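work-v4.txt follows (compact mmCIF, C-alpha atoms and all ligand atoms):
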# COMPACT_ATOMS: atom_id res chain seq x y z
CA MET A 862 32.95 20.13 -3.68
CA ALA A 863 29.97 19.68 -5.95
CA LYS A 864 28.06 22.75 -7.01
CA ARG A 865 25.38 23.91 -4.66
CA ARG A 866 22.15 24.21 -6.52
CA THR A 867 20.61 27.64 -6.37
CA PHE A 868 16.98 27.01 -7.18
CA LEU A 869 14.23 28.74 -5.30
CA TYR A 870 10.84 27.45 -4.43
CA GLY A 871 7.48 28.87 -5.31
CA ALA A 872 3.90 28.28 -4.37
CA ALA A 873 2.41 27.37 -7.69
CA GLY A 874 -1.27 26.91 -8.15
CA ALA A 875 -1.05 28.97 -11.32
CA LEU A 876 0.49 26.14 -13.32
CA GLY A 877 -2.74 24.44 -14.17
CA ALA A 878 -3.78 20.82 -14.02
CA GLY A 879 -1.28 18.50 -12.51
CA ALA A 880 1.04 21.23 -11.27
CA PHE A 881 2.81 21.03 -7.94
CA SER A 882 2.40 23.67 -5.28
CA TRP A 883 6.02 24.50 -5.74
CA LEU A 884 7.92 25.99 -8.64
CA ALA A 885 11.54 26.38 -9.39
CA ALA A 886 13.20 29.56 -10.53
CA GLN A 887 14.08 30.24 -14.13
CA GLN A 888 17.78 29.89 -13.56
CA ASP A 889 17.13 26.19 -13.16
CA GLY A 890 15.41 26.02 -16.51
CA CYS A 891 11.94 25.92 -14.96
CA THR A 892 9.28 28.55 -15.36
CA ALA A 893 8.93 30.56 -12.16
CA GLN A 894 5.46 32.07 -12.15
CA GLN A 895 4.96 32.87 -8.55
CA MET A 896 7.56 32.74 -5.84
CA HIS A 897 6.80 31.19 -2.49
CA GLU A 898 5.95 33.64 0.27
CA SER A 899 8.47 32.07 2.57
CA GLU A 900 11.06 31.70 -0.13
CA GLN A 901 13.84 33.00 2.08
CA GLU A 902 12.92 30.64 4.84
CA LEU A 903 13.04 27.72 2.44
CA ALA A 904 16.30 28.81 0.88
CA ALA A 905 17.68 29.04 4.40
CA ILE A 906 16.74 25.44 5.06
CA ARG A 907 18.26 24.27 1.83
CA ASN A 908 21.39 26.35 2.09
CA ARG A 909 21.70 26.22 5.84
CA SER A 910 25.33 26.44 6.72
CA PHE A 911 26.10 23.61 9.05
CA ASP A 912 28.40 24.46 11.94
CA ASP A 913 30.48 21.42 11.35
CA ASP A 914 32.53 21.63 8.15
CA ASP A 915 32.00 17.92 7.72
CA GLU A 916 28.30 18.58 7.18
CA ARG A 917 28.60 21.24 4.50
CA ASP A 918 28.04 18.92 1.57
CA SER A 919 24.76 17.10 1.16
CA LEU A 920 24.57 13.37 0.54
CA GLY A 921 23.85 14.06 -3.12
CA ASP A 922 26.86 16.38 -3.41
CA ARG A 923 29.09 13.76 -1.85
CA ALA A 924 27.69 11.06 -4.11
CA THR A 925 28.22 13.22 -7.19
CA ALA A 926 31.85 13.73 -6.18
CA LYS A 927 32.27 9.97 -6.18
CA GLY A 928 30.42 9.32 -9.42
CA LEU A 929 27.58 7.83 -7.40
CA LEU A 930 23.90 8.53 -7.03
CA TYR A 931 22.24 9.12 -3.68
CA GLY A 932 18.53 9.59 -3.39
CA ALA A 933 15.31 8.63 -1.71
CA ALA A 934 11.84 7.27 -2.31
CA VAL A 935 9.19 9.97 -2.18
CA MET A 936 5.48 10.41 -2.74
CA SER A 937 4.32 13.33 -4.86
CA ASN A 938 1.72 14.42 -2.31
CA LYS A 939 4.38 14.88 0.38
CA LEU A 940 6.49 17.07 -1.88
CA SER A 941 3.51 19.22 -2.75
CA SER A 942 2.12 19.55 0.76
CA ASP A 943 5.33 19.97 2.75
CA ALA A 944 7.68 22.63 1.39
CA ASP A 945 10.25 22.16 4.14
CA PHE A 946 10.46 18.47 3.36
CA ALA A 947 10.66 19.20 -0.38
CA ALA A 948 13.55 21.58 0.29
CA CYS A 949 15.44 18.85 2.14
CA VAL A 950 14.80 16.37 -0.65
CA ALA A 951 16.11 18.87 -3.18
CA ARG A 952 19.16 19.54 -1.03
CA GLU A 953 20.13 15.96 -0.21
CA CYS A 954 19.27 13.93 -3.31
CA ASN A 955 20.54 13.61 -6.86
CA ILE A 956 18.06 10.85 -7.71
CA LEU A 957 14.50 10.12 -6.63
CA VAL A 958 12.37 7.02 -6.91
CA ALA A 959 8.60 6.95 -6.90
CA GLU A 960 7.57 5.24 -3.66
CA ASN A 961 4.01 4.53 -4.81
CA ASP A 962 3.06 6.84 -7.66
CA LEU A 963 4.13 4.53 -10.49
CA LYS A 964 2.61 1.33 -9.14
CA TRP A 965 -0.31 -0.21 -10.99
CA LYS A 966 -2.68 0.92 -8.24
CA ALA A 967 -1.70 4.55 -8.79
CA LEU A 968 -1.49 4.42 -12.59
CA ARG A 969 -4.50 2.27 -13.45
CA PRO A 970 -7.81 3.59 -12.08
CA ALA A 971 -9.63 1.30 -14.51
CA PRO A 972 -8.63 -1.49 -16.92
CA ASP A 973 -8.66 0.86 -19.90
CA GLN A 974 -7.27 3.98 -18.17
CA PHE A 975 -3.88 5.40 -17.26
CA ASP A 976 -3.37 8.27 -14.83
CA PHE A 977 0.12 9.72 -15.04
CA SER A 978 -0.60 12.85 -13.02
CA ARG A 979 1.27 11.88 -9.85
CA GLY A 980 4.20 10.32 -11.66
CA ASP A 981 4.47 13.38 -13.89
CA ARG A 982 4.65 15.66 -10.84
CA LEU A 983 7.55 13.68 -9.51
CA LEU A 984 9.24 13.83 -12.90
CA ASP A 985 8.74 17.63 -12.94
CA PHE A 986 10.31 17.90 -9.51
CA THR A 987 13.36 15.89 -10.54
CA GLN A 988 13.77 17.87 -13.74
CA CYS A 989 13.44 21.21 -11.96
CA HIS A 990 16.04 20.18 -9.40
CA ASP A 991 18.50 18.56 -11.73
CA MET A 992 18.04 15.05 -10.42
CA GLN A 993 17.62 11.65 -11.97
CA PHE A 994 14.38 9.71 -11.60
CA ARG A 995 13.76 5.97 -11.13
CA GLY A 996 10.59 4.12 -11.95
CA HIS A 997 9.14 1.63 -9.43
CA THR A 998 7.66 -0.80 -10.40
CA LEU A 999 6.27 -2.38 -13.54
CA VAL A 1000 5.56 -5.87 -12.24
CA TRP A 1001 4.81 -6.68 -8.62
CA HIS A 1002 2.39 -9.01 -6.88
CA ASN A 1003 1.45 -6.13 -4.59
CA GLY A 1004 0.09 -2.65 -5.31
CA LEU A 1005 -2.36 -3.96 -7.90
CA PRO A 1006 -5.69 -2.22 -8.46
CA ASP A 1007 -8.88 -3.76 -7.09
CA TRP A 1008 -10.17 -4.53 -10.59
CA PHE A 1009 -7.14 -6.68 -11.41
CA GLU A 1010 -8.28 -9.97 -9.91
CA ASN A 1011 -11.58 -10.17 -11.76
CA THR A 1012 -10.32 -8.70 -15.02
CA VAL A 1013 -6.97 -10.25 -15.85
CA THR A 1014 -7.30 -13.87 -16.98
CA ASP A 1015 -5.24 -16.62 -18.62
CA ASP A 1016 -6.49 -15.37 -21.98
CA ASN A 1017 -5.65 -11.68 -21.64
CA ALA A 1018 -2.78 -11.60 -19.11
CA GLU A 1019 0.03 -11.28 -21.64
CA GLN A 1020 -1.82 -8.49 -23.43
CA PHE A 1021 -2.45 -6.62 -20.16
CA LEU A 1022 1.18 -6.96 -19.12
CA GLN A 1023 2.53 -5.79 -22.46
CA THR A 1024 0.08 -2.92 -22.82
CA HIS A 1025 0.83 -1.67 -19.32
CA ILE A 1026 4.59 -1.76 -19.72
CA GLN A 1027 4.55 -0.43 -23.28
CA THR A 1028 2.31 2.50 -22.34
CA VAL A 1029 4.01 3.42 -19.07
CA VAL A 1030 7.60 3.02 -20.19
CA SER A 1031 6.91 4.90 -23.45
CA HIS A 1032 5.33 7.74 -21.50
CA TYR A 1033 8.59 8.28 -19.61
CA ALA A 1034 10.97 7.13 -22.35
CA GLY A 1035 14.26 9.02 -22.39
CA LYS A 1036 13.49 10.69 -19.06
CA LEU A 1037 14.16 7.96 -16.52
CA HIS A 1038 17.45 6.67 -15.19
CA SER A 1039 16.12 3.18 -14.55
CA TRP A 1040 13.06 1.04 -14.01
CA ASP A 1041 12.43 -1.65 -11.43
CA VAL A 1042 10.94 -3.88 -14.08
CA VAL A 1043 10.23 -6.92 -11.94
CA ASN A 1044 9.99 -6.62 -8.16
CA GLU A 1045 10.24 -9.47 -5.65
CA ALA A 1046 9.77 -12.47 -7.96
CA ILE A 1047 11.70 -14.87 -5.71
CA LEU A 1048 10.46 -16.47 -2.50
CA PRO A 1049 11.81 -20.02 -2.00
CA GLU A 1050 9.42 -20.54 0.95
CA HIS A 1051 6.57 -20.79 -1.56
CA GLY A 1052 8.02 -24.12 -2.71
CA ARG A 1053 7.69 -23.35 -6.40
CA ARG A 1054 10.13 -24.46 -9.06
CA ASN A 1055 13.23 -22.23 -9.26
CA GLY A 1056 12.32 -20.51 -6.00
CA LEU A 1057 9.76 -18.35 -7.76
CA ARG A 1058 7.21 -16.51 -5.67
CA ARG A 1059 3.59 -17.49 -6.19
CA THR A 1060 2.18 -14.34 -7.73
CA PRO A 1061 -0.76 -13.59 -9.99
CA TRP A 1062 1.65 -13.15 -12.90
CA LEU A 1063 3.37 -16.50 -12.27
CA GLU A 1064 0.02 -18.28 -12.08
CA LEU A 1065 -1.16 -16.64 -15.28
CA LEU A 1066 1.96 -16.78 -17.44
CA GLY A 1067 4.60 -18.93 -15.75
CA GLU A 1068 8.20 -17.68 -15.53
CA SER A 1069 7.86 -16.15 -19.00
CA TYR A 1070 6.19 -13.11 -17.41
CA ILE A 1071 9.63 -11.96 -16.35
CA ASP A 1072 11.05 -12.24 -19.88
CA ILE A 1073 8.02 -10.51 -21.36
CA ALA A 1074 8.34 -7.66 -18.88
CA PHE A 1075 12.00 -6.93 -19.56
CA GLU A 1076 11.64 -7.35 -23.34
CA THR A 1077 8.64 -5.01 -23.51
CA ALA A 1078 10.38 -2.41 -21.34
CA ALA A 1079 13.53 -2.53 -23.48
CA GLN A 1080 11.51 -1.97 -26.64
CA ALA A 1081 9.66 0.97 -25.11
CA ASP A 1082 12.76 2.72 -23.73
CA PRO A 1083 16.06 1.41 -25.08
CA ASP A 1084 17.97 3.90 -22.86
CA ALA A 1085 16.59 3.02 -19.44
CA MET A 1086 18.54 0.75 -17.13
CA LEU A 1087 16.34 -2.27 -16.47
CA VAL A 1088 16.52 -3.65 -12.95
CA TYR A 1089 15.45 -6.80 -11.10
CA ASN A 1090 14.71 -5.72 -7.51
CA ASP A 1091 14.32 -7.85 -4.37
CA TYR A 1092 14.57 -7.90 -0.57
CA GLY A 1093 15.71 -10.43 2.04
CA ILE A 1094 19.13 -10.99 0.45
CA ASP A 1095 21.32 -9.09 2.90
CA TYR A 1096 21.91 -11.26 5.96
CA ASP A 1097 24.03 -14.31 6.62
CA THR A 1098 21.19 -16.71 7.39
CA SER A 1099 20.26 -19.94 5.64
CA GLN A 1100 16.95 -18.44 4.57
CA GLU A 1101 18.58 -15.42 2.92
CA GLU A 1102 21.33 -17.60 1.46
CA ARG A 1103 18.66 -19.73 -0.28
CA LYS A 1104 17.08 -16.58 -1.60
CA ARG A 1105 20.41 -15.16 -2.84
CA THR A 1106 21.05 -18.43 -4.67
CA ALA A 1107 17.60 -18.38 -6.27
CA VAL A 1108 18.00 -14.74 -7.31
CA LEU A 1109 21.38 -15.44 -8.93
CA GLU A 1110 19.94 -18.48 -10.71
CA LEU A 1111 17.08 -16.37 -12.03
CA LEU A 1112 19.46 -13.67 -13.24
CA SER A 1113 21.62 -16.31 -14.88
CA ARG A 1114 18.62 -17.88 -16.68
CA LEU A 1115 17.53 -14.45 -17.90
CA LYS A 1116 21.01 -13.65 -19.19
CA SER A 1117 21.31 -17.02 -20.92
CA ARG A 1118 17.96 -16.42 -22.67
CA GLY A 1119 19.20 -13.04 -23.87
CA VAL A 1120 16.67 -11.11 -21.78
CA PRO A 1121 17.62 -7.40 -21.61
CA ILE A 1122 18.38 -6.96 -17.91
CA HIS A 1123 21.03 -4.49 -16.77
CA ALA A 1124 21.08 -4.35 -12.99
CA LEU A 1125 20.20 -5.94 -9.69
CA GLY A 1126 18.43 -3.89 -7.04
CA LEU A 1127 19.14 -4.72 -3.40
CA GLN A 1128 16.23 -3.32 -1.44
CA ALA A 1129 18.12 -3.55 1.85
CA HIS A 1130 15.32 -3.13 4.36
CA LEU A 1131 17.60 -3.77 7.32
CA ARG A 1132 17.03 -4.14 11.05
CA GLY A 1133 18.89 -2.43 13.84
CA ASP A 1134 18.54 -5.44 16.13
CA LEU A 1135 19.98 -8.14 13.84
CA THR A 1136 23.56 -9.30 14.10
CA HIS A 1137 23.64 -11.67 11.14
CA PHE A 1138 25.29 -9.28 8.73
CA ASN A 1139 28.41 -10.61 7.05
CA PRO A 1140 30.10 -8.08 4.76
CA ASP A 1141 31.99 -10.78 2.85
CA LYS A 1142 28.76 -12.61 2.01
CA LEU A 1143 27.17 -9.42 0.74
CA ARG A 1144 30.22 -8.50 -1.32
CA SER A 1145 30.47 -11.95 -2.81
CA PHE A 1146 26.78 -11.81 -3.81
CA ILE A 1147 27.30 -8.42 -5.44
CA GLN A 1148 30.37 -9.76 -7.24
CA ASP A 1149 28.39 -12.72 -8.56
CA ALA A 1150 25.85 -10.32 -10.06
CA ALA A 1151 28.61 -8.08 -11.43
CA ASN A 1152 30.27 -11.09 -13.05
CA MET A 1153 27.09 -11.52 -15.10
CA GLY A 1154 27.61 -7.99 -16.41
CA LEU A 1155 25.06 -6.41 -14.07
CA LYS A 1156 25.29 -3.12 -12.21
CA VAL A 1157 23.99 -3.07 -8.65
CA LEU A 1158 21.82 -0.47 -6.95
CA VAL A 1159 20.91 -0.26 -3.28
CA THR A 1160 17.30 0.65 -3.93
CA GLU A 1161 15.27 0.84 -0.71
CA LEU A 1162 17.67 1.15 2.19
CA ASP A 1163 16.31 1.78 5.67
CA VAL A 1164 17.03 0.41 9.14
CA SER A 1165 14.09 -0.54 11.32
CA ASP A 1166 14.45 0.38 14.99
CA ARG A 1167 11.29 -1.48 15.94
CA TYR A 1168 13.03 -3.83 18.37
CA LEU A 1169 15.67 -1.42 19.65
CA PRO A 1170 15.54 0.14 23.14
CA ARG A 1171 13.38 3.18 23.73
CA ASP A 1172 16.31 5.52 24.40
CA ILE A 1173 16.72 7.63 21.29
CA ASP A 1174 20.46 8.07 21.45
CA THR A 1175 20.99 4.31 21.78
CA ARG A 1176 18.60 3.67 18.91
CA ASP A 1177 20.18 6.24 16.64
CA ARG A 1178 23.66 4.85 17.31
CA GLN A 1179 22.62 1.30 16.49
CA VAL A 1180 20.76 2.33 13.36
CA ALA A 1181 23.77 4.35 12.21
CA GLU A 1182 26.09 1.41 12.82
CA VAL A 1183 23.94 -0.77 10.60
CA TYR A 1184 23.98 1.84 7.83
CA GLU A 1185 27.73 2.13 8.12
CA ALA A 1186 28.43 -1.61 8.09
CA TYR A 1187 26.13 -2.25 5.13
CA LEU A 1188 27.30 0.66 3.00
CA THR A 1189 30.96 0.10 3.78
CA ALA A 1190 30.58 -3.40 2.31
CA ALA A 1191 28.35 -2.47 -0.62
CA LEU A 1192 30.31 0.61 -1.67
CA ALA A 1193 33.55 -1.38 -1.70
CA GLU A 1194 32.15 -3.01 -4.83
CA PRO A 1195 32.69 -0.94 -7.97
CA SER A 1196 29.52 -2.35 -9.57
CA VAL A 1197 27.40 -0.44 -7.02
CA ILE A 1198 26.30 2.77 -8.71
CA ALA A 1199 23.53 4.13 -6.51
CA VAL A 1200 22.22 4.24 -2.97
CA LEU A 1201 18.60 5.17 -2.32
CA THR A 1202 16.96 5.23 1.09
CA TRP A 1203 13.26 4.35 1.30
CA GLY A 1204 12.30 7.81 2.38
CA LEU A 1205 14.52 10.66 3.56
CA SER A 1206 12.99 11.76 6.85
CA ASP A 1207 11.37 9.84 9.72
CA ARG A 1208 8.45 12.21 9.12
CA TYR A 1209 7.41 9.99 6.21
CA THR A 1210 8.32 6.32 6.39
CA TRP A 1211 6.36 3.20 5.56
CA LEU A 1212 7.75 1.68 8.77
CA SER A 1213 5.67 3.91 11.04
CA ARG A 1214 2.60 2.19 9.64
CA PHE A 1215 3.91 -1.27 8.76
CA GLN A 1216 6.37 -1.83 11.63
CA PRO A 1217 5.39 0.44 14.53
CA ARG A 1218 7.11 0.19 17.90
CA SER A 1219 5.19 -1.53 20.65
CA ASP A 1220 6.05 1.31 23.09
CA GLY A 1221 4.24 3.81 20.89
CA GLY A 1222 7.41 5.80 20.17
CA SER A 1223 8.01 7.14 16.67
CA VAL A 1224 10.26 5.04 14.48
CA ARG A 1225 13.64 6.52 13.45
CA PRO A 1226 14.89 4.52 10.46
CA LEU A 1227 16.02 7.27 8.04
CA PRO A 1228 18.81 9.86 7.62
CA LEU A 1229 16.74 12.85 8.83
CA ASP A 1230 14.54 12.92 11.90
CA GLU A 1231 10.91 14.06 12.02
CA GLN A 1232 12.08 17.68 12.38
CA LEU A 1233 14.20 17.23 9.25
CA GLN A 1234 17.44 17.37 11.22
CA ARG A 1235 20.36 15.22 10.20
CA LYS A 1236 20.89 12.21 12.45
CA ARG A 1237 23.74 9.80 13.09
CA ALA A 1238 22.34 7.73 10.21
CA TRP A 1239 22.92 10.72 7.89
CA ARG A 1240 26.52 10.97 9.09
CA ALA A 1241 27.06 7.25 8.58
CA ILE A 1242 25.83 7.45 4.99
CA ALA A 1243 27.85 10.62 4.38
CA ALA A 1244 31.02 9.04 5.73
CA THR A 1245 30.72 5.82 3.77
CA ILE A 1246 30.09 7.71 0.54
CA THR A 1247 32.95 10.13 1.20
CA HIS A 1248 35.38 7.33 2.03
CA ARG A 1249 34.49 5.28 -0.99
CA LEU A 1250 37.49 4.72 -3.17
CA ASN A 1251 36.92 5.96 -6.68
CA PRO A 1252 36.30 2.89 -8.81
O1 LIG B 1 -3.40 6.30 -0.66
C1 LIG B 1 -3.99 5.94 0.58
C2 LIG B 1 -4.47 7.15 1.25
O2 LIG B 1 -5.49 7.74 0.50
C3 LIG B 1 -4.95 6.78 2.65
O3 LIG B 1 -5.29 7.95 3.33
C4 LIG B 1 -3.84 6.07 3.41
C5 LIG B 1 -4.22 5.70 4.81
O4 LIG B 1 -4.94 4.51 4.88
O5 LIG B 1 -3.51 4.92 2.68
C6 LIG B 1 -2.95 5.31 1.45
O6 LIG B 1 -2.36 4.30 0.69
C7 LIG B 1 -1.31 3.58 1.28
C8 LIG B 1 0.03 4.02 0.65
O7 LIG B 1 1.06 3.17 1.09
C9 LIG B 1 0.40 5.46 0.97
O8 LIG B 1 0.59 5.61 2.33
C10 LIG B 1 -1.58 2.13 0.99
O9 LIG B 1 -2.73 1.73 1.70
C11 LIG B 1 -0.41 1.29 1.39
O10 LIG B 1 -0.62 -0.05 0.96
C12 LIG B 1 0.85 1.83 0.72
O11 LIG B 1 1.93 1.08 1.19
C13 LIG B 1 3.09 1.09 0.37
C14 LIG B 1 3.51 -0.35 0.13
O12 LIG B 1 4.75 -0.38 -0.57
C15 LIG B 1 2.47 -1.07 -0.74
O13 LIG B 1 2.38 -0.51 -2.02
C16 LIG B 1 4.19 1.83 1.12
O14 LIG B 1 3.85 3.22 1.21
C17 LIG B 1 5.50 1.69 0.38
O15 LIG B 1 6.55 2.24 1.15
C18 LIG B 1 5.80 0.20 0.16
O16 LIG B 1 6.98 0.11 -0.57
C19 LIG B 1 7.47 -1.21 -0.80
C20 LIG B 1 8.10 -1.21 -2.18
O17 LIG B 1 7.17 -0.78 -3.14
C21 LIG B 1 8.64 -2.60 -2.54
N1 LIG B 1 9.56 -3.08 -1.52
C22 LIG B 1 9.05 -3.05 -0.15
C23 LIG B 1 8.57 -1.64 0.20
C24 LIG B 1 8.09 -1.58 1.64
O18 LIG B 1 6.96 -2.40 1.82

Translate the structure of the given file into structure tokens.
Amino acid sequence: MAKRRTFLYGAAGALGAGAFSWLAAQQDGCTAQQMHESEQELAAIRNRSFDDDDERDSLGDRATAKGLLYGAAVMSNKLSSDADFAACVARECNILVAENDLKWKALRPAPDQFDFSRGDRLLDFTQCHDMQFRGHTLVWHNGLPDWFENTVTDDNAEQFLQTHIQTVVSHYAGKLHSWDVVNEAILPEHGRRNGLRRTPWLELLGESYIDIAFETAAQADPDAMLVYNDYGIDYDTSQEERKRTAVLELLSRLKSRGVPIHALGLQAHLRGDLTHFNPDKLRSFIQDAANMGLKVLVTELDVSDRYLPRDIDTRDRQVAEVYEAYLTAALAEPSVIAVLTWGLSDRYTWLSRFQPRSDGGSVRPLPLDEQLQRKRAWRAIAATITHRLNP
């Protein structure tokens, strides 16, 4: 069994600018200046002894035992405002990814400014709790600041791209496990050459924006794993098959041009109501990426219950089955090194805003429910990690 971390939480405030409202104790290598009033309560949550022996080890502990990473996407403001949630994140995860805090919109208040405060808070949290940290994302058509459209032009686009990546990746150099360098560059439905998505960067720089992004990131942090990340490549449909083909062709072109790319990220935003999953297709896709020398990360896993029946038990079962089927297939591939869910608790999930249920019920796509209790989805993830054969 992996070691149980023994950090304690504190209500900070005294740390100065940019500090979180939590602190970790000195035994974790962090400066404890003021312990949280309800420290015992929080420790109880984190160290709660689960009745069932099968639930003693957290997802992160189980992943560690298998040489894997398990983690979740989080926002710094949720960690600082919700100590119970932060305790669960610290208990369950051995890697975090920034859900929004490292996007251009968060980092670039103005064309000549960088604001690392939120990203730095997340980094502090991961360092205090002995976790790895992933960066998301350096290049995306979404999450751009309002000033972007009227500021970035054909003449200055390459400079903007390089300056952004150089500055951001250097800021975190040596401290991050990996970066989603380019996110969602493929969308065959746009009808562009090579299945490329029509994005501001493609319009401004052509496909070379992808090469520039990876090359600049590699120069700024030679140790970070550099990832191409995409969604809609999980199911056995003709649409997703076209997209898988286009992604593999892109990866192959990048490799043949000597572009420094190290891994493929499968976002895996899944749906509880779909039946088109074919484990062999997924495994074969992962193998194709691995045969190019790439590692594979499941980067944004969640299972939407939007179209599932209202009954919670039925919903939770179906969601858990989807987690189990997907992870059983993915984790059978030795190239898969990490599983991250896009959020940890139903309390905070993008799906409640972007894909709400028509019956008004709360969505339940993640391992913990809104009360931070482990659900069937948690048990499905735990079981698939535990049963993974050591590569
Ligand atoms: O920051 C404002 C806040 O001040 C305001 O109160 C609140 C309510 O209107 O909106 C807040 O910003 C929103 C932010 O999420 C935080 O909730 C943005 O409007 C909203 O656009 C943003 O959505 C994020 C989305 O990416 C776009 O950046 C989601 O949280 C995030 O989960 C989602 O993540 C993406 C991945 O980056 C890429 N893959 C798909 C995935 C899901 O769409």

Within-10 Å residues of ligand LIG 1 (chain B), basis only C-alpha atoms and all ligand atoms, as a VMD selection string = chain A and resid 934 to 936 938 959 to 967 997 to 998 1001 to 1005 1041 1044 to 1045 1090 to 1092 1127 to 1130 1160 to 1163 1203 to 1204 1209 to 1212 1214 to 1216

Atom CA of Leu1057 of chain A and atom CA of Glu1010 of chain A are how many Å apart?
->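 Computed distance, atom CA of Leu1057 of chain A to atom CA of Glu1010 of chain A, equals 20.0 Å.
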
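Between atom CA of Leu1188 of chain A and atom CA of Met992 of chain A lies a distance of 21.7 Å.
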
Exercise: Arg1054 of chain A partners within 12 Å, all atoms listed in the file, chain neighbours under 4 positions left out, as a PDB file with C-alpha atoms, in the coordinates of the input:
ATOM      1  CA  ILE A1047      11.700 -14.870  -5.710  1.00  0.00           C
ATOM      2  CA  LEU A1048      10.460 -16.470  -2.500  1.00  0.00           C
ATOM      3  CA  PRO A1049      11.810 -20.020  -2.000  1.00  0.00           C
ATOM      4  CA  GLU A1050       9.420 -20.540   0.950  1.00  0.00           C
ATOM      5  CA  ARG A1058       7.210 -16.510  -5.670  1.00  0.00           C
ATOM      6  CA  ARG A1059       3.590 -17.490  -6.190  1.00  0.00           C
ATOM      7  CA  LEU A1063       3.370 -16.500 -12.270  1.00  0.00           C
ATOM      8  CA  GLY A1067       4.600 -18.930 -15.750  1.00  0.00           C
ATOM      9  CA  GLU A1068       8.200 -17.680 -15.530  1.00  0.00           C
ATOM     10  CA  ALA A1107      17.600 -18.380  -6.270  1.00  0.00           C
ATOM     11  CA  GLU A1110      19.940 -18.480 -10.710  1.00  0.00           C
ATOM     12  CA  LEU A1111      17.080 -16.370 -12.030  1.00  0.00           C
TER      13      LEU A1111
END

Residue among A:Val1013, A:Ala971, A:Leu984, A:Ala1018 lying closest to Leu1037 of chain A, counting all atoms listed in the file =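 Residue with the minimum atom-to-atom distance to Leu1037 of chain A: A:Leu984.
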
Atom CA of Ile1122 of chain A to atom CA of Leu1087 of chain A: how many Å, to one decimal?
->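 About the pair atom CA of Ile1122 of chain A and atom CA of Leu1087 of chain A: they are 5.3 Å apart.
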
Closest to Ser1165 of chain A among A:Arg1132, A:Arg1053, A:Arg1178, A:Arg1144, using only C-alpha atoms?
-> A:Arg1132

Counting only C-alpha atoms, the residue of A:Lys1236, A:His1137, A:Arg1218, A:Arg1249 that sits nearest Ala924 of chain A =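 The closest residue to Ala924 of chain A is A:Arg1249.
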
Find the spatial neighbours of Asp1141 of chain A, counting all atoms listed in the file, within a cut-off of 10 Å - ignore same-chain residues fewer than 3 positions away - and output them as a PyMOL selection string.
-> chain A and resi 1097+1138+1144-1147+1190-1191

Would you mind writing segment 1155-1167 of chain A with N, CA and C atoms, as a PDB file, keeping the file's coordinate frame?
ATOM      1  N   LEU A1155      26.117  -7.264 -14.633  1.00  0.00           N
ATOM      2  CA  LEU A1155      25.060  -6.410 -14.070  1.00  0.00           C
ATOM      3  C   LEU A1155      25.635  -5.332 -13.167  1.00  0.00           C
ATOM      4  N   LYS A1156      25.043  -4.160 -13.216  1.00  0.00           N
ATOM      5  CA  LYS A1156      25.290  -3.120 -12.210  1.00  0.00           C
ATOM      6  C   LYS A1156      24.435  -3.465 -10.993  1.00  0.00           C
ATOM      7  N   VAL A1157      24.756  -2.824  -9.875  1.00  0.00           N
ATOM      8  CA  VAL A1157      23.990  -3.070  -8.650  1.00  0.00           C
ATOM      9  C   VAL A1157      23.592  -1.736  -8.038  1.00  0.00           C
ATOM     10  N   LEU A1158      22.329  -1.657  -7.626  1.00  0.00           N
ATOM     11  CA  LEU A1158      21.820  -0.470  -6.950  1.00  0.00           C
ATOM     12  C   LEU A1158      21.276  -0.877  -5.582  1.00  0.00           C
ATOM     13  N   VAL A1159      21.583  -0.082  -4.577  1.00  0.00           N
ATOM     14  CA  VAL A1159      20.910  -0.260  -3.280  1.00  0.00           C
ATOM     15  C   VAL A1159      19.657   0.592  -3.390  1.00  0.00           C
ATOM     16  N   THR A1160      18.495  -0.063  -3.461  1.00  0.00           N
ATOM     17  CA  THR A1160      17.300   0.650  -3.930  1.00  0.00           C
ATOM     18  C   THR A1160      16.349   1.140  -2.846  1.00  0.00           C
ATOM     19  N   GLU A1161      16.338   0.490  -1.678  1.00  0.00           N
ATOM     20  CA  GLU A1161      15.270   0.840  -0.710  1.00  0.00           C
ATOM     21  C   GLU A1161      15.793   0.823   0.723  1.00  0.00           C
ATOM     22  N   LEU A1162      17.007   1.288   0.897  1.00  0.00           N
ATOM     23  CA  LEU A1162      17.670   1.150   2.190  1.00  0.00           C
ATOM     24  C   LEU A1162      16.942   1.884   3.330  1.00  0.00           C
ATOM     25  N   ASP A1163      16.709   1.163   4.402  1.00  0.00           N
ATOM     26  CA  ASP A1163      16.310   1.780   5.670  1.00  0.00           C
ATOM     27  C   ASP A1163      16.642   0.786   6.780  1.00  0.00           C
ATOM     28  N   VAL A1164      16.645   1.262   8.012  1.00  0.00           N
ATOM     29  CA  VAL A1164      17.030   0.410   9.140  1.00  0.00           C
ATOM     30  C   VAL A1164      15.936   0.519  10.199  1.00  0.00           C
ATOM     31  N   SER A1165      15.186  -0.554  10.349  1.00  0.00           N
ATOM     32  CA  SER A1165      14.090  -0.540  11.320  1.00  0.00           C
ATOM     33  C   SER A1165      14.623  -0.544  12.754  1.00  0.00           C
ATOM     34  N   ASP A1166      14.060   0.333  13.565  1.00  0.00           N
ATOM     35  CA  ASP A1166      14.450   0.380  14.990  1.00  0.00           C
ATOM     36  C   ASP A1166      13.328  -0.175  15.859  1.00  0.00           C
ATOM     37  N   ARG A1167      12.469  -0.962  15.242  1.00  0.00           N
ATOM     38  CA  ARG A1167      11.290  -1.480  15.940  1.00  0.00           C
ATOM     39  C   ARG A1167      11.642  -2.204  17.245  1.00  0.00           C
TER      40      ARG A1167
END
